[in-house]
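Enquirer: Contents of entry.csv (CSV, C-alpha atoms) are given next:
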chain,number,residue,atom,x,y,z
A,958,MET,CA,1.9,23.1,-19.9
A,959,ALA,CA,-1.1,20.8,-19.9
A,960,LYS,CA,-4.3,21.0,-17.9
A,961,VAL,CA,-4.4,17.8,-15.9
A,962,ILE,CA,-7.5,16.8,-13.9
A,963,VAL,CA,-6.8,14.8,-10.8
A,964,TYR,CA,-9.1,12.3,-9.2
A,965,PRO,CA,-10.0,12.6,-6.3
A,966,PRO,CA,-10.6,16.2,-7.5
A,967,THR,CA,-9.8,17.5,-4.0
A,968,SER,CA,-6.5,15.6,-3.6
A,969,MET,CA,-3.6,17.6,-2.1
A,970,ILE,CA,-0.9,15.1,-3.1
A,971,LEU,CA,-1.9,14.8,-6.7
A,972,SER,CA,-2.5,18.5,-7.3
A,973,ASP,CA,0.8,19.4,-5.7
A,974,LEU,CA,2.7,16.8,-7.8
A,975,VAL,CA,1.1,18.1,-11.0
A,976,GLU,CA,1.9,21.8,-10.1
A,977,ARG,CA,5.4,21.1,-9.0
A,978,MET,CA,6.1,19.3,-12.3
A,979,GLY,CA,5.1,22.4,-14.3
A,980,HIS,CA,1.5,21.6,-15.3
A,981,LYS,CA,-1.9,23.1,-14.3
A,982,ALA,CA,-3.9,20.9,-11.9
A,983,LEU,CA,-7.7,21.2,-12.4
A,984,VAL,CA,-9.2,20.9,-9.0
A,985,VAL,CA,-12.6,21.5,-7.3
A,986,PRO,CA,-11.5,24.2,-4.9
A,987,GLU,CA,-11.0,26.5,-7.9
A,988,ALA,CA,-14.6,26.0,-9.0
A,989,VAL,CA,-15.7,26.4,-5.4
A,990,ARG,CA,-13.7,29.7,-5.1
A,991,ARG,CA,-15.5,31.1,-8.1
A,992,LEU,CA,-18.8,30.4,-6.6
A,993,VAL,CA,-18.2,31.4,-2.9
A,994,THR,CA,-16.2,34.6,-3.6
A,995,ALA,CA,-18.5,35.9,-6.3
A,996,SER,CA,-19.8,39.3,-5.5
A,997,GLY,CA,-23.4,39.2,-4.4
A,998,ILE,CA,-24.4,36.0,-2.6
A,999,GLU,CA,-27.7,34.9,-4.1
A,1000,SER,CA,-28.2,31.7,-2.1
A,1001,PRO,CA,-26.3,31.7,1.2
A,1002,PRO,CA,-24.2,30.1,2.5
A,1003,LEU,CA,-22.6,28.4,-0.5
A,1004,ASN,CA,-24.2,30.4,-3.4
A,1005,MET,CA,-25.6,27.2,-4.9
A,1006,THR,CA,-28.6,28.5,-6.8
A,1007,PRO,CA,-31.2,26.5,-8.7
A,1008,GLU,CA,-29.0,27.3,-11.8
A,1009,GLU,CA,-26.2,24.9,-10.6
A,1010,PRO,CA,-28.3,21.7,-10.7
A,1011,LYS,CA,-29.5,22.9,-14.2
A,1012,LYS,CA,-25.8,23.1,-15.3
A,1013,GLY,CA,-25.4,19.6,-14.0
A,1014,LEU,CA,-28.1,18.5,-16.4
A,1015,ARG,CA,-25.5,18.5,-19.1
A,1016,TYR,CA,-23.9,15.5,-17.4
A,1017,ALA,CA,-26.7,13.7,-15.6
A,1018,ALA,CA,-30.3,13.1,-16.3
A,1019,VAL,CA,-33.1,15.0,-14.5
A,1020,ASP,CA,-34.1,12.0,-12.4
A,1021,VAL,CA,-30.6,11.7,-11.0
A,1022,PRO,CA,-30.4,13.2,-7.4
A,1023,SER,CA,-29.8,16.9,-7.3
A,1024,GLY,CA,-26.7,16.3,-5.2
A,1025,VAL,CA,-25.1,14.5,-8.2
A,1026,ARG,CA,-26.1,17.3,-10.6
A,1027,GLY,CA,-25.0,20.0,-8.1
A,1028,ARG,CA,-21.5,18.3,-7.8
A,1029,MET,CA,-21.4,17.9,-11.6
A,1030,SER,CA,-22.0,21.6,-12.1
A,1031,LEU,CA,-18.6,22.1,-10.4
A,1032,ILE,CA,-16.7,19.1,-11.7
A,1033,GLY,CA,-18.2,18.8,-15.2
A,1034,PRO,CA,-16.7,22.0,-16.6
A,1035,ILE,CA,-13.3,21.0,-15.2
A,1036,ILE,CA,-13.5,17.6,-17.0
A,1037,GLU,CA,-14.3,19.5,-20.3
A,1038,GLU,CA,-11.2,21.6,-19.8
A,1039,ALA,CA,-8.9,18.6,-19.1
A,1040,GLU,CA,-6.1,17.6,-21.5
A,1041,ALA,CA,-4.9,14.6,-19.4
A,1042,ALA,CA,-6.0,12.9,-16.2
A,1043,ILE,CA,-4.6,11.1,-13.2
A,1044,ILE,CA,-7.0,8.8,-11.4
A,1045,VAL,CA,-6.2,7.3,-8.1
A,1046,GLU,CA,-8.3,4.3,-7.0
A,1047,ASP,CA,-11.0,5.2,-4.5
A,1048,PRO,CA,-9.2,5.1,-1.1
A,1049,GLY,CA,-12.5,4.8,0.8
A,1050,TRP,CA,-12.3,8.2,2.6
A,1051,LEU,CA,-13.5,10.7,0.0
A,1052,THR,CA,-15.4,13.5,1.7
A,1053,GLY,CA,-16.8,16.9,0.8
A,1054,CYS,CA,-17.2,17.6,-2.9
A,1055,ALA,CA,-15.9,14.1,-3.6
A,1056,GLY,CA,-18.1,12.4,-1.1
A,1057,CYS,CA,-20.8,11.1,-3.4
A,1058,SER,CA,-20.1,7.6,-4.8
A,1059,ARG,CA,-22.5,8.0,-7.8
A,1060,THR,CA,-20.9,11.3,-8.7
A,1061,ASN,CA,-17.5,9.7,-8.5
A,1062,GLU,CA,-18.5,6.9,-10.8
A,1063,LEU,CA,-19.8,9.5,-13.3
A,1064,VAL,CA,-16.7,11.6,-13.0
A,1065,ARG,CA,-14.4,8.6,-13.7
A,1066,LEU,CA,-16.6,7.5,-16.6
A,1067,LEU,CA,-16.6,11.0,-18.2
A,1068,ILE,CA,-12.8,11.3,-17.9
A,1069,ARG,CA,-12.3,7.9,-19.5
A,1070,THR,CA,-14.8,8.5,-22.3
A,1071,LYS,CA,-13.2,11.9,-23.1
A,1072,GLY,CA,-10.3,10.2,-24.8
A,1073,VAL,CA,-7.5,12.1,-23.0
A,1074,PRO,CA,-4.4,10.3,-21.7
A,1075,VAL,CA,-5.2,8.7,-18.3
A,1076,LEU,CA,-2.8,7.4,-15.6
A,1077,ASP,CA,-4.4,4.9,-13.2
A,1078,LEU,CA,-2.8,4.5,-9.8
A,1079,SER,CA,-3.4,3.5,-6.2
A,1080,TYR,CA,-2.3,5.4,-3.1
A,1081,PRO,CA,1.0,4.1,-1.8
A,1082,THR,CA,1.2,2.1,1.4
A,1083,ASN,CA,5.0,1.8,1.8
A,1084,ASP,CA,8.2,3.5,0.6
A,1085,ALA,CA,8.7,1.3,-2.4
A,1086,GLU,CA,5.1,1.9,-3.6
A,1087,ALA,CA,5.6,5.6,-3.0
A,1088,LYS,CA,8.7,5.7,-5.2
A,1089,VAL,CA,6.8,3.9,-8.0
A,1090,PHE,CA,3.8,6.3,-7.5
A,1091,VAL,CA,5.9,9.4,-7.8
A,1092,SER,CA,8.0,8.0,-10.7
A,1093,LYS,CA,4.9,7.0,-12.7
A,1094,ILE,CA,3.4,10.5,-12.2
A,1095,ARG,CA,6.7,12.1,-13.2
A,1096,THR,CA,7.0,10.0,-16.4
A,1097,PHE,CA,3.4,10.6,-17.3
A,1098,LEU,CA,3.6,14.3,-16.9
A,1099,GLU,CA,6.9,14.6,-18.7
A,1100,GLY,CA,5.3,12.9,-21.7
A,1101,LEU,CA,2.6,15.6,-21.9
A,1102,LYS,CA,3.2,18.7,-24.0
B,1433,MET,CA,-8.2,37.8,-8.2
B,1434,LEU,CA,-7.8,36.8,-4.6
B,1435,VAL,CA,-6.8,33.2,-4.1
B,1436,THR,CA,-6.3,31.0,-1.1
B,1437,LYS,CA,-3.8,28.2,-0.7
B,1438,TYR,CA,-2.9,25.7,2.0
B,1439,VAL,CA,0.7,25.2,2.7
B,1440,ILE,CA,1.0,21.8,4.4
B,1441,THR,CA,4.2,20.3,5.9
B,1442,SER,CA,5.0,16.6,6.1
B,1443,SER,CA,5.3,15.3,9.6
B,1444,GLU,CA,8.9,14.4,8.9
B,1445,SER,CA,9.8,17.9,7.7
B,1446,ASN,CA,12.1,20.0,9.8
B,1447,ILE,CA,10.0,23.1,8.8
B,1448,LEU,CA,7.3,24.0,11.2
B,1449,PRO,CA,4.1,25.9,10.3
B,1450,SER,CA,5.4,28.7,12.5
B,1451,ASP,CA,8.6,28.8,10.5
B,1452,ILE,CA,6.6,29.3,7.3
B,1453,ALA,CA,4.4,32.0,9.0
B,1454,MET,CA,7.5,33.8,10.2
B,1455,LYS,CA,9.0,33.7,6.7
B,1456,ILE,CA,5.8,35.2,5.3
B,1457,TYR,CA,5.7,37.9,8.0
B,1458,GLY,CA,9.3,38.8,7.1
B,1459,SER,CA,8.7,38.9,3.4
B,1460,LYS,CA,7.8,41.8,1.1
B,1461,TYR,CA,4.5,40.2,0.2
B,1462,GLU,CA,1.1,41.5,1.4
B,1463,VAL,CA,-0.8,38.4,2.1
B,1464,LEU,CA,-3.1,37.2,4.8
B,1465,VAL,CA,-1.7,34.3,6.8
B,1466,LYS,CA,-3.4,31.9,9.2
B,1467,GLU,CA,-1.3,29.4,11.0
B,1468,THR,CA,-2.9,25.9,11.6
B,1469,CYS,CA,-1.7,22.7,13.2
B,1470,PHE,CA,-0.9,21.2,9.8
B,1471,GLY,CA,0.6,24.2,8.0
B,1472,VAL,CA,-0.6,27.7,7.0
B,1473,VAL,CA,-3.4,29.1,5.0
B,1474,ILE,CA,-2.4,32.1,2.8
B,1475,ASN,CA,-4.7,34.5,0.9
B,1476,GLY,CA,-3.7,37.2,-1.5
B,1477,GLU,CA,-3.6,38.3,-5.1
B,1478,GLU,CA,-2.9,35.3,-7.5
B,1479,GLU,CA,0.5,36.6,-8.8
B,1480,VAL,CA,1.7,37.4,-5.3
B,1481,ILE,CA,0.6,34.0,-3.9
B,1482,ASN,CA,2.3,32.2,-6.8
B,1483,ALA,CA,5.6,34.0,-6.2
B,1484,LEU,CA,5.3,33.4,-2.5
B,1485,VAL,CA,4.5,29.7,-2.9
B,1486,LYS,CA,7.8,29.2,-4.8
B,1487,GLU,CA,9.8,30.8,-2.0
B,1488,ILE,CA,8.0,28.7,0.7
B,1489,ARG,CA,8.5,25.5,-1.3
B,1490,ALA,CA,12.3,26.3,-1.5
B,1491,LEU,CA,12.4,25.9,2.4
B,1492,ASP,CA,11.9,22.2,2.0
B,1493,PRO,CA,11.2,21.2,-1.6
B,1494,ALA,CA,10.3,17.6,-0.8
B,1495,GLY,CA,8.5,18.2,2.5
B,1496,ILE,CA,6.1,21.1,1.7
B,1497,PHE,CA,2.9,20.6,-0.2
B,1498,ILE,CA,0.5,23.1,-1.6
B,1499,LYS,CA,-3.2,22.8,-2.1
B,1500,ASP,CA,-5.8,25.2,-3.4
B,1501,ARG,CA,-8.7,26.2,-1.1
B,1502,GLY,CA,-12.0,27.6,-2.2
B,1503,PHE,CA,-13.0,29.6,0.9
B,1504,PRO,CA,-10.9,32.5,2.3
B,1505,PRO,CA,-9.3,31.9,5.7
B,1506,GLY,CA,-11.6,32.5,8.6
B,1507,ASP,CA,-14.7,32.5,6.4
B,1508,PRO,CA,-17.7,32.1,8.7
B,1509,ARG,CA,-19.2,29.5,6.4
B,1510,ARG,CA,-16.2,27.2,7.1
B,1511,CYS,CA,-14.5,28.5,10.2
B,1512,ARG,CA,-15.2,26.1,13.1
B,1513,GLY,CA,-15.0,29.0,15.6
B,1514,ARG,CA,-18.3,30.3,14.1
B,1515,ARG,CA,-19.9,27.0,13.5
B,1516,GLY,CA,-19.7,25.7,17.0
B,1517,GLY,CA,-16.6,23.5,16.7
B,1518,GLY,CA,-15.8,20.3,14.8
B,1519,ALA,CA,-13.5,19.9,11.8
B,1520,ARG,CA,-14.5,21.7,8.6
B,1521,PRO,CA,-15.7,19.3,5.8
B,1522,GLY,CA,-12.5,19.3,3.8
B,1523,PHE,CA,-10.2,18.6,6.7
B,1524,TYR,CA,-10.8,14.9,6.6
B,1525,MET,CA,-9.2,14.7,3.1
B,1526,ILE,CA,-6.2,16.6,4.3
B,1527,GLU,CA,-5.9,14.5,7.4
B,1528,SER,CA,-6.0,11.3,5.4
B,1529,GLU,CA,-3.5,12.4,2.8
B,1530,SER,CA,-1.2,13.9,5.5
B,1531,LYS,CA,-0.5,10.5,6.8
B,1532,MET,CA,1.0,9.6,3.4
B,1533,LEU,CA,3.1,12.8,3.1
B,1534,PRO,CA,6.2,11.3,4.7
B,1535,LEU,CA,6.1,8.5,2.1
B,1536,ILE,CA,5.7,11.0,-0.8
B,1537,SER,CA,8.4,13.3,0.6
B,1538,ARG,CA,10.9,10.4,0.8
B,1539,ALA,CA,9.9,9.4,-2.7
B,1540,LEU,CA,10.4,12.9,-4.1
B,1541,ALA,CA,13.8,13.2,-2.4
B,1542,PHE,CA,14.8,9.7,-3.7
B,1543,GLN,CA,17.3,9.6,-6.5
B,1544,GLY,CA,18.1,6.1,-7.8
B,1545,ASP,CA,16.6,3.1,-9.4
B,1546,ILE,CA,12.9,2.6,-8.9
B,1547,PRO,CA,12.2,-0.7,-7.2
B,1548,ASP,CA,10.2,-3.5,-8.9
B,1549,ILE,CA,7.0,-4.2,-7.0
B,1550,PRO,CA,5.2,-7.5,-7.6
B,1551,GLU,CA,1.7,-7.0,-8.8
B,1552,LYS,CA,-1.0,-7.3,-6.1
B,1553,LYS,CA,-3.1,-10.3,-6.1
B,1554,LYS,CA,-6.3,-9.7,-8.1
B,1555,PRO,CA,-9.7,-11.2,-7.1
B,1556,LEU,CA,-10.5,-14.5,-8.7
B,1557,PRO,CA,-12.0,-13.8,-12.2
B,1558,ILE,CA,-15.7,-14.9,-12.5
B,1559,LYS,CA,-15.0,-17.3,-15.4
B,1560,ARG,CA,-12.3,-19.1,-13.4
B,1561,LEU,CA,-14.7,-19.4,-10.4
B,1562,GLU,CA,-17.3,-20.8,-12.7
B,1563,GLU,CA,-14.8,-23.4,-14.0
B,1564,ILE,CA,-13.8,-24.4,-10.5
B,1565,ILE,CA,-17.5,-24.8,-9.5
B,1566,LYS,CA,-18.3,-26.8,-12.6
B,1567,ASN,CA,-15.2,-29.1,-12.2
B,1568,GLY,CA,-16.0,-29.5,-8.5
B,1569,LEU,CA,-19.7,-30.5,-9.0
B,1570,SER,CA,-19.2,-32.7,-12.0
Transcribe the structure of this file into structure tokens.

Expert:
Amino acid sequence: MAKVIVYPPTSMILSDLVERMGHKALVVPEAVRRLVTASGIESPPLNMTPEEPKKGLRYAAVDVPSGVRGRMSLIGPIIEEAEAAIIVEDPGWLTGCAGCSRTNELVRLLIRTKGVPVLDLSYPTNDAEAKVFVSKIRTFLEGLK
Amino acid sequence: MLVTKYVITSSESNILPSDIAMKIYGSKYEVLVKETCFGVVINGEEEVINALVKEIRALDPAGIFIKDRGFPPGDPRRCRGRRGGGARPGFYMIESESKMLPLISRALAFQGDIPDIPEKKKPLPIKRLEEIIKNGLS
């Protein structure tokens, strides 16, 4: 079972396909869960403390907006854990944790420079594309240990 | 550790969110269930949720999708009932991907040869554009 990071990191379709094919999907909600369900809320409502942007400093410089560093404090550790990646081309409707274009560029860059196997795809728009989409993901995941 | 997961049904699935909720109510598992328009949100201990997810998926293997969620169900930081209405931030992603679920469901259920798709037209490379401009102006 390999740890596979999916991009967009909040994608339902990708995380479901990875999990149903027997691998572990690395997704942002897990990182959010650790933060929001931790006992003792230091900084309501989301428990984002000044420590989070500092963690983000590992991935982005100090002059980068704190929103990027805050997001990277969640997504960065996930990238470090990843053993493979599935990247779907930006569909134009990324929201929430994945709603920052600069963060998304940095996430894609870090994944690609990490040197793990990467599968690049686009979201399907018809049945034939969907069959190819699922087939490519299946083949890619079957090739992982 | 308590975990929360979304169980989302494809619009073409014969399984309704209420069917999933009823299956969970009738099961041996002690979990919190919240029924929504697109599926259900379940919350419970990780091992229990993982076992339950397998049973729910068996209802319609190609038509039921599972997604992790950070916040517990009904959390006042996300629940729209406490925030004065409006969709919660992550809903837009689910809404957008839900439109694709029938395609993915049919693809998962499909057994046969994968069709060849012609490559999409790529934008004109800059070098080729430069050549065209030079040839046109000379």

Enquirer: Would you mind listing, for every residue of chain B within 8 Å of chain A, the two atoms forming the shortest contact and the distance between them in Å to one decimal, using only C-alpha atoms, sorted by chain and ascending residue number, as JSON lines?

Expert:
{"residue": "B:Val1435", "atom": "CA", "partner": "A:Arg990", "partner_atom": "CA", "distance": 7.8}
{"residue": "B:Phe1497", "atom": "CA", "partner": "A:Asp973", "partner_atom": "CA", "distance": 6.0}
{"residue": "B:Ile1498", "atom": "CA", "partner": "A:Asp973", "partner_atom": "CA", "distance": 5.5}
{"residue": "B:Lys1499", "atom": "CA", "partner": "A:Met969", "partner_atom": "CA", "distance": 5.2}
{"residue": "B:Asp1500", "atom": "CA", "partner": "A:Pro986", "partner_atom": "CA", "distance": 6.0}
{"residue": "B:Arg1501", "atom": "CA", "partner": "A:Pro986", "partner_atom": "CA", "distance": 5.1}
{"residue": "B:Gly1502", "atom": "CA", "partner": "A:Arg990", "partner_atom": "CA", "distance": 4.0}
{"residue": "B:Phe1503", "atom": "CA", "partner": "A:Arg990", "partner_atom": "CA", "distance": 6.0}
{"residue": "B:Arg1509", "atom": "CA", "partner": "A:Pro1002", "partner_atom": "CA", "distance": 6.4}
{"residue": "B:Pro1521", "atom": "CA", "partner": "A:Gly1053", "partner_atom": "CA", "distance": 5.7}
{"residue": "B:Gly1522", "atom": "CA", "partner": "A:Gly1053", "partner_atom": "CA", "distance": 5.8}
{"residue": "B:Tyr1524", "atom": "CA", "partner": "A:Thr1052", "partner_atom": "CA", "distance": 6.9}
{"residue": "B:Met1525", "atom": "CA", "partner": "A:Thr1052", "partner_atom": "CA", "distance": 6.5}
{"residue": "B:Ile1526", "atom": "CA", "partner": "A:Met969", "partner_atom": "CA", "distance": 7.0}
{"residue": "B:Ser1528", "atom": "CA", "partner": "A:Trp1050", "partner_atom": "CA", "distance": 7.6}
{"residue": "B:Glu1529", "atom": "CA", "partner": "A:Ile970", "partner_atom": "CA", "distance": 7.0}
{"residue": "B:Met1532", "atom": "CA", "partner": "A:Pro1081", "partner_atom": "CA", "distance": 7.6}
{"residue": "B:Leu1533", "atom": "CA", "partner": "A:Ile970", "partner_atom": "CA", "distance": 7.7}
{"residue": "B:Leu1535", "atom": "CA", "partner": "A:Asp1084", "partner_atom": "CA", "distance": 5.6}
{"residue": "B:Ile1536", "atom": "CA", "partner": "A:Ala1087", "partner_atom": "CA", "distance": 5.8}
{"residue": "B:Arg1538", "atom": "CA", "partner": "A:Asp1084", "partner_atom": "CA", "distance": 7.4}
{"residue": "B:Ala1539", "atom": "CA", "partner": "A:Lys1088", "partner_atom": "CA", "distance": 4.6}
{"residue": "B:Leu1540", "atom": "CA", "partner": "A:Val1091", "partner_atom": "CA", "distance": 6.8}
{"residue": "B:Phe1542", "atom": "CA", "partner": "A:Lys1088", "partner_atom": "CA", "distance": 7.4}
{"residue": "B:Ile1546", "atom": "CA", "partner": "A:Val1089", "partner_atom": "CA", "distance": 6.3}
{"residue": "B:Pro1547", "atom": "CA", "partner": "A:Ala1085", "partner_atom": "CA", "distance": 6.3}
{"residue": "B:Ile1549", "atom": "CA", "partner": "A:Glu1086", "partner_atom": "CA", "distance": 7.2}

Enquirer: Interatomic distance between CA of Glu1527 in chain B and CA of Ile1440 in chain B?

Expert: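 A separation of 10.5 Å between them.
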
Enquirer: Could you tell me how far CA of Pro966 in chain A lies from CA of Leu983 in chain A, in Å and to one decimal?

Expert: 7.6 Å

Enquirer: Report, in Å to a single decimal, how far apart CA of Ala1017 in chain A and CA of Val1073 in chain A are.

Expert: 20.6 Å

Enquirer: Would you kindly return, as a list in words, each protein, DNA or RNA residue with an atom no farther than 10 Å from any atom of Val1485 in chain B, considering only C-alpha atoms and excluding same-chain residues fewer than 2 positions away?

Expert: Lys1437, Tyr1438, Val1439, Ile1456, Ile1474, Glu1479, Val1480, Ile1481, Asn1482, Ala1483, Glu1487, Ile1488, Arg1489, Ala1490, Ile1496, Phe1497 and Ile1498 of chain B

Enquirer: Show me, as a short mmCIF file (atom, residue, chain, number, x, y, z; two decimals) with C-alpha atoms, in the coordinates of the input, the residues that have an atom within 7 Å of range 1464-1471 of chain B when counting only C-alpha atoms, minus same-chain residues fewer than 3 positions from it.

Expert:
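What ended up in result.cif:
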data_model
loop_
_atom_site.label_atom_id
_atom_site.label_comp_id
_atom_site.auth_asym_id
_atom_site.auth_seq_id
_atom_site.Cartn_x
_atom_site.Cartn_y
_atom_site.Cartn_z
CA VAL B 1439 0.70 25.20 2.70
CA ILE B 1440 1.00 21.80 4.40
CA THR B 1441 4.20 20.30 5.90
CA PRO B 1449 4.10 25.90 10.30
CA SER B 1450 5.40 28.70 12.50
CA ALA B 1453 4.40 32.00 9.00
CA ILE B 1474 -2.40 32.10 2.80
CA ASN B 1475 -4.70 34.50 0.90
CA GLY B 1476 -3.70 37.20 -1.50
CA PRO B 1505 -9.30 31.90 5.70
#
